[in-house]
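Asker: My questions all concern the structure below.
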Amino acid sequence: MRYLGFILFLLLPAVVLAQDCPATADRSEESEQVLKLIRAAPDEASARLLTDDLWRIWATAPDAKAQEMLDRGMQRREAYDFEAAIAAFDELVAYCPDYAEGYNQRAFINFLREDYAPALEDLEQALDLAPKHVAAMSGQALTLMSLGRVEAGQSVLREALKLHPWLPERRMLIEPPGEEL
């Protein structure tokens, strides 16, 4: 019996490690290729189709467990069950702290609830993990503007539009005095 306890003691770290989120795949090169195509798109409709490709990249979680959490959170958001959506994204962020989309989605829920401070924190984390995540950038711009930090929001929006000139948020850009857009 003592040997059984010893064997279980040795196996315990393997069981704990099996519950960890795998490393998030680096898909930045793939994202950059899509962004190049978007910048070259002849019109908004073409760019929108390419943007769907970006969302497929961002919304591909590191493993099936994380994917289930992401999908559940997004389904709860679509049903306007923001509490359950936040719970799913909290679970996802705790499980996969290096997966940017968990933070981005949780930020979106907080933005919808007009809880801007935690939204901004999550967007900053998402952008630390995925600096060219244009959806997180536009979310950060909108959040900053909602907090009354219009100049900072406009600056972030301009940076996002350099990467993706067809973002719908481009209509929120304010022309600086003395400059043409």
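By convention here, the chains of the structure tokens are called A, B, ... in the order presented, each chain's residues are numbered starting at 1, and ligands are numbered starting at 1 in the order presented.
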Near stretch 91-93 of chain A, counting only C-alpha atoms, which residues have an atom at most 9 Å away, once you skip same-chain residues fewer than 5 positions from it, shown as a PyMOL selection string?

Answerer: chain A and resi 65-67+69-70+73+86+98-103+106

Asker: Keeping N, CA and C atoms for every residue in the selection just given, could you write it to a file as a PDB file, in the first residue's frame?

Answerer:
```pdb
ATOM      1  N   LYS A  65     -10.520  22.295 -24.810  1.00  0.00           N
ATOM      2  CA  LYS A  65     -11.086  22.804 -23.554  1.00  0.00           C
ATOM      3  C   LYS A  65     -11.222  24.328 -23.617  1.00  0.00           C
ATOM      4  N   ALA A  66     -10.183  25.002 -24.081  1.00  0.00           N
ATOM      5  CA  ALA A  66     -10.225  26.462 -24.211  1.00  0.00           C
ATOM      6  C   ALA A  66     -11.241  26.875 -25.273  1.00  0.00           C
ATOM      7  N   GLN A  67     -11.324  26.107 -26.347  1.00  0.00           N
ATOM      8  CA  GLN A  67     -12.286  26.416 -27.412  1.00  0.00           C
ATOM      9  C   GLN A  67     -13.711  26.340 -26.886  1.00  0.00           C
ATOM     10  N   MET A  69     -14.665  26.881 -23.816  1.00  0.00           N
ATOM     11  CA  MET A  69     -14.886  28.056 -22.962  1.00  0.00           C
ATOM     12  C   MET A  69     -15.152  29.294 -23.813  1.00  0.00           C
ATOM     13  N   LEU A  70     -14.348  29.481 -24.855  1.00  0.00           N
ATOM     14  CA  LEU A  70     -14.519  30.631 -25.750  1.00  0.00           C
ATOM     15  C   LEU A  70     -15.887  30.576 -26.427  1.00  0.00           C
ATOM     16  N   GLY A  73     -18.706  31.287 -23.961  1.00  0.00           N
ATOM     17  CA  GLY A  73     -18.771  32.709 -23.636  1.00  0.00           C
ATOM     18  C   GLY A  73     -19.390  33.528 -24.753  1.00  0.00           C
ATOM     19  N   ILE A  86     -19.200  36.488 -18.956  1.00  0.00           N
ATOM     20  CA  ILE A  86     -18.028  36.901 -18.156  1.00  0.00           C
ATOM     21  C   ILE A  86     -17.457  35.694 -17.421  1.00  0.00           C
ATOM     22  N   ASP A  98      -2.215  33.249 -21.661  1.00  0.00           N
ATOM     23  CA  ASP A  98      -1.446  33.776 -22.794  1.00  0.00           C
ATOM     24  C   ASP A  98      -2.253  33.820 -24.086  1.00  0.00           C
ATOM     25  N   TYR A  99      -3.547  33.608 -23.994  1.00  0.00           N
ATOM     26  CA  TYR A  99      -4.426  33.606 -25.166  1.00  0.00           C
ATOM     27  C   TYR A  99      -5.167  34.940 -25.225  1.00  0.00           C
ATOM     28  N   ALA A 100      -4.791  35.777 -26.170  1.00  0.00           N
ATOM     29  CA  ALA A 100      -5.297  37.153 -26.253  1.00  0.00           C
ATOM     30  C   ALA A 100      -6.806  37.243 -26.400  1.00  0.00           C
ATOM     31  N   GLU A 101      -7.403  36.319 -27.117  1.00  0.00           N
ATOM     32  CA  GLU A 101      -8.832  36.453 -27.402  1.00  0.00           C
ATOM     33  C   GLU A 101      -9.691  36.317 -26.151  1.00  0.00           C
ATOM     34  N   GLY A 102      -9.221  35.587 -25.151  1.00  0.00           N
ATOM     35  CA  GLY A 102      -9.973  35.514 -23.897  1.00  0.00           C
ATOM     36  C   GLY A 102     -10.138  36.892 -23.279  1.00  0.00           C
ATOM     37  N   TYR A 103      -9.052  37.659 -23.260  1.00  0.00           N
ATOM     38  CA  TYR A 103      -9.095  39.021 -22.726  1.00  0.00           C
ATOM     39  C   TYR A 103      -9.946  39.934 -23.614  1.00  0.00           C
ATOM     40  N   ARG A 106     -13.657  39.178 -23.086  1.00  0.00           N
ATOM     41  CA  ARG A 106     -14.114  39.642 -21.774  1.00  0.00           C
ATOM     42  C   ARG A 106     -14.215  41.179 -21.777  1.00  0.00           C
TER      43      ARG A 106
END
```

Asker: Need to verify the contact set: A:Pro165, 9 Å, only C-alpha atoms, exclusion of same-chain residues closer than 6 positions in sequence. Can you return it as a list of chain:residue names?

Answerer: A:Ile38, A:Arg39, A:Ala47

Asker: Only C-alpha atoms, please: the residues just picked out, written as a PDB file, in the first residue's frame.

Answerer:
```
ATOM      1  CA  ILE A  38      -7.024  43.766 -46.324  1.00  0.00           C
ATOM      2  CA  ARG A  39      -4.891  46.855 -46.947  1.00  0.00           C
ATOM      3  CA  ALA A  47     -12.092  43.607 -46.764  1.00  0.00           C
TER       4      ALA A  47
END
```

Asker: One number please: atom CA of A:Arg72 to atom CA of A:Leu120, in Å, one decimal.

Answerer: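 Separation between atom CA of A:Arg72 and atom CA of A:Leu120: 22.4 Å.
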
Asker: A:Leu112, A:Ala45, A:Leu37, A:Met74: which is nearest A:Ala59, counting only C-alpha atoms?

Answerer: A:Met74

Asker: So, counting only C-alpha atoms, which residue among A:Ala119, A:Glu32, A:Leu50, A:Glu175 is closest to A:Leu147?

Answerer: A:Ala119

Asker: Env of A:Arg48: 12 Å cut, atoms = only C-alpha atoms, seq-sep filter 2 positions within chain, self excluded. Answer as a PyMOL selection string.

Answerer: chain A and resi 34-35+37-39+41-46+50-55+164-168

Asker: Taking the chain letters and numbering used in this document, name the residues of chain A that DSSP puts in alpha helix (DSSP H), as a ChimeraX atom specification.

Answerer: /A:2-18,28-39,44-58,64-78,82-95,100-112,116-129,134-146,150-163

Asker: Do you know which residues are at most 12 Å from A:Leu127 counting only C-alpha atoms, after dropping those on the same chain fewer than 2 positions away, and could you put them as a PDB file with C-alpha atoms, in the first residue's frame?

Answerer:
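What landed in around_10.pdb:
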```
ATOM      1  CA  ASP A  98      -1.446  33.776 -22.794  1.00  0.00           C
ATOM      2  CA  TYR A  99      -4.426  33.606 -25.166  1.00  0.00           C
ATOM      3  CA  ALA A 100      -5.297  37.153 -26.253  1.00  0.00           C
ATOM      4  CA  GLU A 101      -8.832  36.453 -27.402  1.00  0.00           C
ATOM      5  CA  GLY A 102      -9.973  35.514 -23.897  1.00  0.00           C
ATOM      6  CA  TYR A 103      -9.095  39.021 -22.726  1.00  0.00           C
ATOM      7  CA  ASN A 104     -10.522  40.642 -25.858  1.00  0.00           C
ATOM      8  CA  ALA A 107     -13.313  43.286 -22.551  1.00  0.00           C
ATOM      9  CA  LEU A 120      -9.464  48.746 -20.802  1.00  0.00           C
ATOM     10  CA  GLU A 121      -7.285  46.522 -18.595  1.00  0.00           C
ATOM     11  CA  ASP A 122      -8.261  43.439 -20.606  1.00  0.00           C
ATOM     12  CA  LEU A 123      -7.668  45.216 -23.912  1.00  0.00           C
ATOM     13  CA  GLU A 124      -4.198  46.248 -22.780  1.00  0.00           C
ATOM     14  CA  GLN A 125      -3.472  42.623 -21.858  1.00  0.00           C
ATOM     15  CA  LEU A 129      -0.118  39.358 -26.205  1.00  0.00           C
ATOM     16  CA  ALA A 130      -1.176  40.223 -29.775  1.00  0.00           C
ATOM     17  CA  PRO A 131       0.003  43.752 -30.680  1.00  0.00           C
ATOM     18  CA  LYS A 132      -1.650  43.754 -34.123  1.00  0.00           C
ATOM     19  CA  HIS A 133      -5.042  42.502 -32.955  1.00  0.00           C
ATOM     20  CA  VAL A 134      -6.986  45.232 -34.753  1.00  0.00           C
ATOM     21  CA  ALA A 135     -10.281  44.323 -33.081  1.00  0.00           C
ATOM     22  CA  ALA A 136      -8.687  44.802 -29.663  1.00  0.00           C
ATOM     23  CA  MET A 137      -7.139  48.036 -30.911  1.00  0.00           C
ATOM     24  CA  SER A 138     -10.475  49.374 -32.097  1.00  0.00           C
ATOM     25  CA  GLY A 139     -12.050  48.210 -28.833  1.00  0.00           C
ATOM     26  CA  GLN A 140      -9.371  50.065 -26.920  1.00  0.00           C
ATOM     27  CA  VAL A 156      -5.220  54.228 -31.084  1.00  0.00           C
ATOM     28  CA  ALA A 160      -5.548  50.398 -36.013  1.00  0.00           C
TER      29      ALA A 160
END
```

Asker: Under the rule that only C-alpha atoms are counted, which of A:Phe89, A:Ala84, A:Ala117, A:Ser28 is the nearest residue to A:Gly148?

Answerer: A:Ala117

Asker: One number please: atom CA of A:Leu161 to atom CA of A:Asn110, in Å, one decimal.

Answerer: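 Straight-line distance from atom CA of A:Leu161 to atom CA of A:Asn110 works out to 23.3 Å.
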